[in-house]
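Engineer: Just so it is clear, I am handing over final_7.txt, which has compact mmCIF, C-alpha atoms.
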# COMPACT_ATOMS: atom_id res chain seq x y z
CA GLU A 1 -12.03 26.85 -27.04
CA ALA A 2 -13.34 28.92 -24.14
CA ARG A 3 -10.96 29.49 -21.23
CA GLY A 4 -12.24 30.84 -17.92
CA HIS A 5 -10.61 32.77 -15.10
CA CYS A 6 -9.98 31.11 -11.77
CA LEU A 7 -8.25 31.75 -8.45
CA LEU A 8 -5.52 29.42 -7.32
CA ALA A 9 -3.93 28.94 -3.95
CA LEU A 10 -0.65 27.27 -4.86
CA GLY A 11 1.83 28.10 -2.12
CA PRO A 12 3.58 31.45 -2.66
CA VAL A 13 1.45 32.22 -5.71
CA ALA A 14 -1.67 32.42 -3.55
CA ASN A 15 -4.72 33.85 -5.30
CA ALA A 16 -2.82 34.45 -8.56
CA ARG A 17 -5.25 35.26 -11.38
CA CYS A 18 -4.78 33.04 -14.39
CA GLN A 19 -6.51 31.58 -17.43
CA LEU A 20 -6.91 27.84 -17.42
CA GLY A 21 -8.23 25.25 -19.84
CA GLY A 22 -9.58 21.84 -18.89
CA ASP A 23 -6.19 20.09 -19.02
CA GLU A 24 -4.56 22.59 -16.68
CA VAL A 25 -7.40 22.33 -14.17
CA GLN A 26 -7.09 18.54 -14.23
CA ARG A 27 -3.32 18.74 -13.67
CA ILE A 28 -3.79 21.08 -10.71
CA GLY A 29 -6.35 18.65 -9.27
CA LEU A 30 -3.75 15.89 -9.56
CA VAL A 31 -1.16 18.07 -7.80
CA PHE A 32 -3.54 18.57 -4.86
CA GLU A 33 -4.37 14.85 -4.85
CA ALA A 34 -0.68 13.95 -4.79
CA LYS A 35 0.00 16.39 -1.95
CA SER A 36 -2.93 15.00 0.03
CA ARG A 37 -1.74 11.42 -0.47
CA LYS A 38 1.80 12.35 0.54
CA ALA A 39 0.53 14.13 3.68
CA HIS A 40 -1.63 11.12 4.56
CA PHE A 41 0.95 8.38 4.05
CA SER A 42 3.82 10.28 5.64
CA ALA A 43 1.74 11.38 8.64
CA PRO A 44 3.43 11.10 12.04
CA SER A 45 2.15 8.67 14.66
CA HIS A 46 0.11 11.23 16.65
CA VAL A 47 -1.80 12.16 13.47
CA ARG A 48 -2.26 8.53 12.43
CA HIS A 49 -3.87 7.95 15.85
CA LYS A 50 -6.80 10.16 14.85
CA LEU A 51 -6.89 8.90 11.26
CA MET A 52 -7.23 5.34 12.52
CA SER A 53 -10.75 5.88 13.86
CA ALA A 54 -13.77 3.62 13.70
CA PRO A 55 -17.51 4.29 14.04
CA LEU A 56 -19.30 3.34 17.25
CA SER A 57 -22.06 0.75 17.33
CA ALA A 58 -25.66 2.00 17.40
CA GLU A 59 -25.93 1.45 21.19
CA LEU A 60 -22.71 3.36 21.91
CA LYS A 61 -23.74 6.20 19.56
CA GLN A 62 -27.00 6.45 21.46
CA LYS A 63 -25.22 6.43 24.82
CA TYR A 64 -22.39 8.90 24.07
CA ASN A 65 -23.83 10.97 21.14
CA VAL A 66 -20.54 10.49 19.28
CA ASN A 67 -20.17 8.91 15.83
CA ALA A 68 -16.56 7.73 15.79
CA VAL A 69 -13.46 7.60 17.97
CA PRO A 70 -9.86 6.49 17.43
CA VAL A 71 -9.43 2.76 18.02
CA ARG A 72 -7.16 1.71 20.87
CA LYS A 73 -5.89 -1.47 22.46
CA ASP A 74 -8.52 -3.31 24.59
CA ASP A 75 -11.52 -1.91 22.67
CA GLU A 76 -13.87 -4.62 21.41
CA VAL A 77 -14.67 -4.40 17.70
CA SER A 78 -16.71 -6.18 15.08
CA VAL A 79 -15.44 -6.48 11.49
CA VAL A 80 -18.07 -5.27 9.00
CA ARG A 81 -16.22 -5.55 5.65
CA GLY A 82 -13.90 -7.96 3.91
CA THR A 83 -12.92 -11.61 4.35
CA TYR A 84 -13.33 -11.51 8.13
CA LYS A 85 -16.76 -9.83 8.08
CA GLY A 86 -18.87 -10.78 11.12
CA ARG A 87 -15.88 -11.70 13.32
CA GLU A 88 -15.61 -10.00 16.71
CA GLY A 89 -12.82 -9.63 19.20
CA LYS A 90 -10.66 -7.42 21.38
CA VAL A 91 -8.06 -5.16 19.79
CA ILE A 92 -4.65 -6.49 20.82
CA ALA A 93 -2.51 -3.98 18.89
CA CYS A 94 -2.82 -0.78 16.87
CA TYR A 95 -0.06 -0.98 14.29
CA ARG A 96 0.10 2.66 13.23
CA LYS A 97 3.07 2.20 10.93
CA LYS A 98 1.04 -0.23 8.79
CA TRP A 99 -2.34 1.56 9.28
CA VAL A 100 -3.95 -1.60 10.73
CA ILE A 101 -5.25 -3.06 13.97
CA HIS A 102 -4.78 -6.63 15.17
CA ILE A 103 -7.80 -8.36 16.67
CA GLU A 104 -7.62 -11.46 18.84
CA ARG A 105 -8.62 -14.71 17.13
CA ILE A 106 -8.21 -13.20 13.64
CA THR A 107 -5.09 -15.01 12.48
CA ARG A 108 -3.84 -16.97 9.49
CA GLU A 109 -1.28 -19.70 9.04
CA LYS A 110 1.90 -19.07 7.07
CA ALA A 111 3.37 -21.64 4.71
CA SER A 112 5.86 -22.55 7.46
CA GLY A 113 2.96 -23.39 9.78
CA GLN A 114 3.46 -20.34 11.98
CA THR A 115 0.27 -18.40 12.88
CA VAL A 116 0.33 -14.63 12.42
CA GLN A 117 -2.12 -11.82 13.17
CA VAL A 118 -4.05 -10.43 10.20
CA GLY A 119 -4.08 -6.64 9.93
CA ILE A 120 -7.56 -5.12 9.64
CA ASP A 121 -8.23 -1.54 8.52
CA PRO A 122 -9.92 0.22 11.48
CA SER A 123 -12.46 1.92 9.18
CA LYS A 124 -13.78 -1.55 8.28
CA THR A 125 -14.74 -2.24 11.89
CA VAL A 126 -17.35 -1.03 14.36
CA ILE A 127 -16.48 -0.46 18.00
CA THR A 128 -18.86 -2.50 20.18
CA LYS A 129 -17.26 -1.88 23.59
CA LEU A 130 -14.99 0.99 24.63
CA LYS A 131 -12.16 0.80 27.13
CA ILE A 132 -12.93 3.88 29.22
CA ASP A 133 -10.21 5.70 31.13
CA ALA A 134 -9.96 9.34 32.24
CA ASP A 135 -8.67 10.61 28.88
CA ARG A 136 -11.27 8.65 26.90
CA LYS A 137 -14.03 9.97 29.18
CA ARG A 138 -12.91 13.59 28.65
CA MET A 139 -12.74 13.07 24.90
CA LEU A 140 -16.26 11.62 24.77
CA GLU A 141 -17.62 14.53 26.83
CA ARG A 142 -15.87 16.99 24.51
CA LYS A 143 -17.22 15.31 21.36
CA ASN A 144 -20.77 14.89 22.74
CA SER A 145 -22.97 16.63 20.15
CA LYS A 146 -26.09 16.80 22.37
CA ALA A 147 -24.19 18.60 25.14
CA HIS A 148 -23.16 21.31 22.66
CA GLU A 149 -26.78 21.74 21.55
CA ALA A 150 -27.92 22.01 25.19
CA LYS A 151 -25.41 24.80 25.78
CA GLY A 152 -26.54 26.49 22.57
CA LYS A 153 -23.11 26.20 20.98
CA GLY A 154 -23.13 27.29 17.34
CA LYS A 155 -26.75 28.43 17.46
CA TYR A 156 -28.07 31.99 17.37
CA THR A 157 -31.09 32.96 19.43
CA GLU A 158 -33.85 35.16 17.98
CA ALA A 159 -32.59 38.12 20.07
CA GLU A 160 -29.03 37.78 18.76
CA ALA A 161 -30.28 37.52 15.18
CA ALA A 162 -32.34 40.69 15.64
CA LYS A 163 -29.30 42.56 17.04
CA MET A 164 -27.23 41.51 14.04
CA GLN A 165 -29.84 42.94 11.66
CA ASP A 166 -29.39 46.34 13.29
CA VAL A 167 -25.57 46.33 13.02
CA ASP A 168 -25.03 48.10 9.66
Kindly present the structure from the file in structure tokens form.
Structural biologist:
Amino acid sequence: EARGHCLLALGPVANARCQLGGDEVQRIGLVFEAKSRKAHFSAPSHVRHKLMSAPLSAELKQKYNVNAVPVRKDDEVSVVRGTYKGREGKVIACYRKKWVIHIERITREKASGQTVQVGIDPSKTVITKLKIDADRKRMLERKNSKAHEAKGKGKYTEAEAAKMQDVD
């Protein structure tokens, strides 16, 4: 049985050199998966806000050059997956504790006859109309990918590339 060397970054034992077989590698993968799940499901509200994002409709993507934004109350969304696929409505609540959004007119009746809102995962929706306020406007300008390209953000010019070749 061949065992290979690998580098691990497990807390205080960062970059410890070790020999691992297949089982050990799989166990370490499960440790990382468990830590990721714990971080996700115990995330505080301000982190859940960003995790509860939804893609924009084709028209909004074209207009703002942004793929997805966090869903908020008063946005209009369309459900694209699940039992309520094709239904549209305004977001009436973002229930961060339960990781769902409530959309007007998407309800069900309980056995007692009472009607209750059905929670929809925000990733299973598409935002069709944004509620724009000052903060939302700033966020869209910041996330605008075309504006970054126009400024040359993240791109090297030919002159800069030539200078870097000379740096040795």
Engineer: Ranking A:Met139, A:Ala150, A:Ala58, A:Val126 by minimum distance to Asp75 (chain A) and counting all atoms listed in the file, which one comes first?
Structural biologist: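 The closest residue to Asp75 (chain A) is A:Val126.
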Engineer: Using only C-alpha atoms, which of the listed residues (A:Ala93, A:Ile28, A:Val69, A:Ala43) sits closest to Ile120 (chain A)?
Structural biologist: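 Residue with the minimum atom-to-atom distance to Ile120 (chain A): A:Ala93.
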Engineer: Which value, in Å to one decimal, gives the distance between CA of Lys63 (chain A) and CA of Glu76 (chain A)?
Structural biologist: 16.2 Å
Engineer: Rounded to one decimal place, report the CA of Asn65 (chain A)-CA of Leu140 (chain A) distance in Å.
Structural biologist: 8.4 Å
Engineer: Rounded to one decimal, what separation in Å do you get between CA of Ser57 (chain A) and CA of Thr83 (chain A)?
Structural biologist: 20.1 Å
Engineer: Complete the atoms of region 106-138 of chain A to N, CA and C atoms and put them out as a PDB file, keeping the file's coordinate frame.
Structural biologist:
ATOM      1  N   ILE A 106      -8.225 -13.369  15.100  1.00  0.00           N
ATOM      2  CA  ILE A 106      -8.210 -13.200  13.640  1.00  0.00           C
ATOM      3  C   ILE A 106      -6.753 -13.388  13.214  1.00  0.00           C
ATOM      4  N   THR A 107      -6.453 -14.636  12.844  1.00  0.00           N
ATOM      5  CA  THR A 107      -5.090 -15.010  12.480  1.00  0.00           C
ATOM      6  C   THR A 107      -5.132 -15.831  11.203  1.00  0.00           C
ATOM      7  N   ARG A 108      -3.954 -16.043  10.616  1.00  0.00           N
ATOM      8  CA  ARG A 108      -3.840 -16.970   9.490  1.00  0.00           C
ATOM      9  C   ARG A 108      -2.558 -17.763   9.673  1.00  0.00           C
ATOM     10  N   GLU A 109      -2.446 -18.844   8.931  1.00  0.00           N
ATOM     11  CA  GLU A 109      -1.280 -19.700   9.040  1.00  0.00           C
ATOM     12  C   GLU A 109      -0.359 -19.455   7.855  1.00  0.00           C
ATOM     13  N   LYS A 110       0.913 -19.230   8.131  1.00  0.00           N
ATOM     14  CA  LYS A 110       1.900 -19.070   7.070  1.00  0.00           C
ATOM     15  C   LYS A 110       2.272 -20.433   6.491  1.00  0.00           C
ATOM     16  N   ALA A 111       2.963 -20.395   5.361  1.00  0.00           N
ATOM     17  CA  ALA A 111       3.370 -21.640   4.710  1.00  0.00           C
ATOM     18  C   ALA A 111       4.243 -22.491   5.639  1.00  0.00           C
ATOM     19  N   SER A 112       4.985 -21.822   6.514  1.00  0.00           N
ATOM     20  CA  SER A 112       5.860 -22.550   7.460  1.00  0.00           C
ATOM     21  C   SER A 112       5.074 -23.167   8.613  1.00  0.00           C
ATOM     22  N   GLY A 113       3.772 -22.855   8.697  1.00  0.00           N
ATOM     23  CA  GLY A 113       2.960 -23.390   9.780  1.00  0.00           C
ATOM     24  C   GLY A 113       2.792 -22.426  10.942  1.00  0.00           C
ATOM     25  N   GLN A 114       3.544 -21.328  10.900  1.00  0.00           N
ATOM     26  CA  GLN A 114       3.460 -20.340  11.980  1.00  0.00           C
ATOM     27  C   GLN A 114       2.158 -19.531  11.832  1.00  0.00           C
ATOM     28  N   THR A 115       1.475 -19.221  12.941  1.00  0.00           N
ATOM     29  CA  THR A 115       0.270 -18.400  12.880  1.00  0.00           C
ATOM     30  C   THR A 115       0.636 -16.951  13.121  1.00  0.00           C
ATOM     31  N   VAL A 116       0.042 -16.063  12.317  1.00  0.00           N
ATOM     32  CA  VAL A 116       0.330 -14.630  12.420  1.00  0.00           C
ATOM     33  C   VAL A 116      -0.989 -13.854  12.464  1.00  0.00           C
ATOM     34  N   GLN A 117      -0.948 -12.693  13.104  1.00  0.00           N
ATOM     35  CA  GLN A 117      -2.120 -11.820  13.170  1.00  0.00           C
ATOM     36  C   GLN A 117      -2.391 -11.232  11.787  1.00  0.00           C
ATOM     37  N   VAL A 118      -3.664 -11.066  11.458  1.00  0.00           N
ATOM     38  CA  VAL A 118      -4.050 -10.430  10.200  1.00  0.00           C
ATOM     39  C   VAL A 118      -4.382  -8.977  10.498  1.00  0.00           C
ATOM     40  N   GLY A 119      -3.795  -8.065   9.751  1.00  0.00           N
ATOM     41  CA  GLY A 119      -4.080  -6.640   9.930  1.00  0.00           C
ATOM     42  C   GLY A 119      -5.425  -6.279   9.335  1.00  0.00           C
ATOM     43  N   ILE A 120      -6.230  -5.561  10.085  1.00  0.00           N
ATOM     44  CA  ILE A 120      -7.560  -5.120   9.640  1.00  0.00           C
ATOM     45  C   ILE A 120      -7.577  -3.599   9.652  1.00  0.00           C
ATOM     46  N   ASP A 121      -8.095  -2.996   8.579  1.00  0.00           N
ATOM     47  CA  ASP A 121      -8.230  -1.540   8.520  1.00  0.00           C
ATOM     48  C   ASP A 121      -9.280  -1.112   9.547  1.00  0.00           C
ATOM     49  N   PRO A 122      -8.962  -0.150  10.433  1.00  0.00           N
ATOM     50  CA  PRO A 122      -9.920   0.220  11.480  1.00  0.00           C
ATOM     51  C   PRO A 122     -11.243   0.783  10.938  1.00  0.00           C
ATOM     52  N   SER A 123     -11.216   1.365   9.735  1.00  0.00           N
ATOM     53  CA  SER A 123     -12.460   1.920   9.180  1.00  0.00           C
ATOM     54  C   SER A 123     -13.422   0.820   8.754  1.00  0.00           C
ATOM     55  N   LYS A 124     -12.937  -0.410   8.668  1.00  0.00           N
ATOM     56  CA  LYS A 124     -13.780  -1.550   8.280  1.00  0.00           C
ATOM     57  C   LYS A 124     -14.315  -2.286   9.497  1.00  0.00           C
ATOM     58  N   THR A 125     -14.237  -1.634  10.655  1.00  0.00           N
ATOM     59  CA  THR A 125     -14.740  -2.240  11.890  1.00  0.00           C
ATOM     60  C   THR A 125     -15.731  -1.296  12.563  1.00  0.00           C
ATOM     61  N   VAL A 126     -16.450  -1.823  13.521  1.00  0.00           N
ATOM     62  CA  VAL A 126     -17.350  -1.030  14.360  1.00  0.00           C
ATOM     63  C   VAL A 126     -16.977  -1.326  15.800  1.00  0.00           C
ATOM     64  N   ILE A 127     -16.837  -0.274  16.594  1.00  0.00           N
ATOM     65  CA  ILE A 127     -16.480  -0.460  18.000  1.00  0.00           C
ATOM     66  C   ILE A 127     -17.738  -0.855  18.771  1.00  0.00           C
ATOM     67  N   THR A 128     -17.696  -2.015  19.440  1.00  0.00           N
ATOM     68  CA  THR A 128     -18.860  -2.500  20.180  1.00  0.00           C
ATOM     69  C   THR A 128     -18.716  -2.287  21.691  1.00  0.00           C
ATOM     70  N   LYS A 129     -17.474  -2.145  22.173  1.00  0.00           N
ATOM     71  CA  LYS A 129     -17.260  -1.880  23.590  1.00  0.00           C
ATOM     72  C   LYS A 129     -16.000  -1.037  23.731  1.00  0.00           C
ATOM     73  N   LEU A 130     -16.117   0.074  24.446  1.00  0.00           N
ATOM     74  CA  LEU A 130     -14.990   0.990  24.630  1.00  0.00           C
ATOM     75  C   LEU A 130     -14.252   0.694  25.922  1.00  0.00           C
ATOM     76  N   LYS A 131     -12.936   0.830  25.892  1.00  0.00           N
ATOM     77  CA  LYS A 131     -12.160   0.800  27.130  1.00  0.00           C
ATOM     78  C   LYS A 131     -12.126   2.240  27.623  1.00  0.00           C
ATOM     79  N   ILE A 132     -12.810   2.517  28.709  1.00  0.00           N
ATOM     80  CA  ILE A 132     -12.930   3.880  29.220  1.00  0.00           C
ATOM     81  C   ILE A 132     -11.879   4.140  30.292  1.00  0.00           C
ATOM     82  N   ASP A 133     -11.093   5.196  30.085  1.00  0.00           N
ATOM     83  CA  ASP A 133     -10.210   5.700  31.130  1.00  0.00           C
ATOM     84  C   ASP A 133     -10.457   7.206  31.213  1.00  0.00           C
ATOM     85  N   ALA A 134      -9.705   7.907  32.022  1.00  0.00           N
ATOM     86  CA  ALA A 134      -9.960   9.340  32.240  1.00  0.00           C
ATOM     87  C   ALA A 134      -9.868  10.143  30.944  1.00  0.00           C
ATOM     88  N   ASP A 135      -8.841   9.866  30.136  1.00  0.00           N
ATOM     89  CA  ASP A 135      -8.670  10.610  28.880  1.00  0.00           C
ATOM     90  C   ASP A 135      -9.806  10.322  27.901  1.00  0.00           C
ATOM     91  N   ARG A 136     -10.191   9.043  27.801  1.00  0.00           N
ATOM     92  CA  ARG A 136     -11.270   8.650  26.900  1.00  0.00           C
ATOM     93  C   ARG A 136     -12.584   9.312  27.331  1.00  0.00           C
ATOM     94  N   LYS A 137     -12.803   9.370  28.641  1.00  0.00           N
ATOM     95  CA  LYS A 137     -14.030   9.970  29.180  1.00  0.00           C
ATOM     96  C   LYS A 137     -14.101  11.454  28.813  1.00  0.00           C
ATOM     97  N   ARG A 138     -12.965  12.163  28.995  1.00  0.00           N
ATOM     98  CA  ARG A 138     -12.910  13.590  28.650  1.00  0.00           C
ATOM     99  C   ARG A 138     -13.159  13.804  27.162  1.00  0.00           C
TER     100      ARG A 138
END
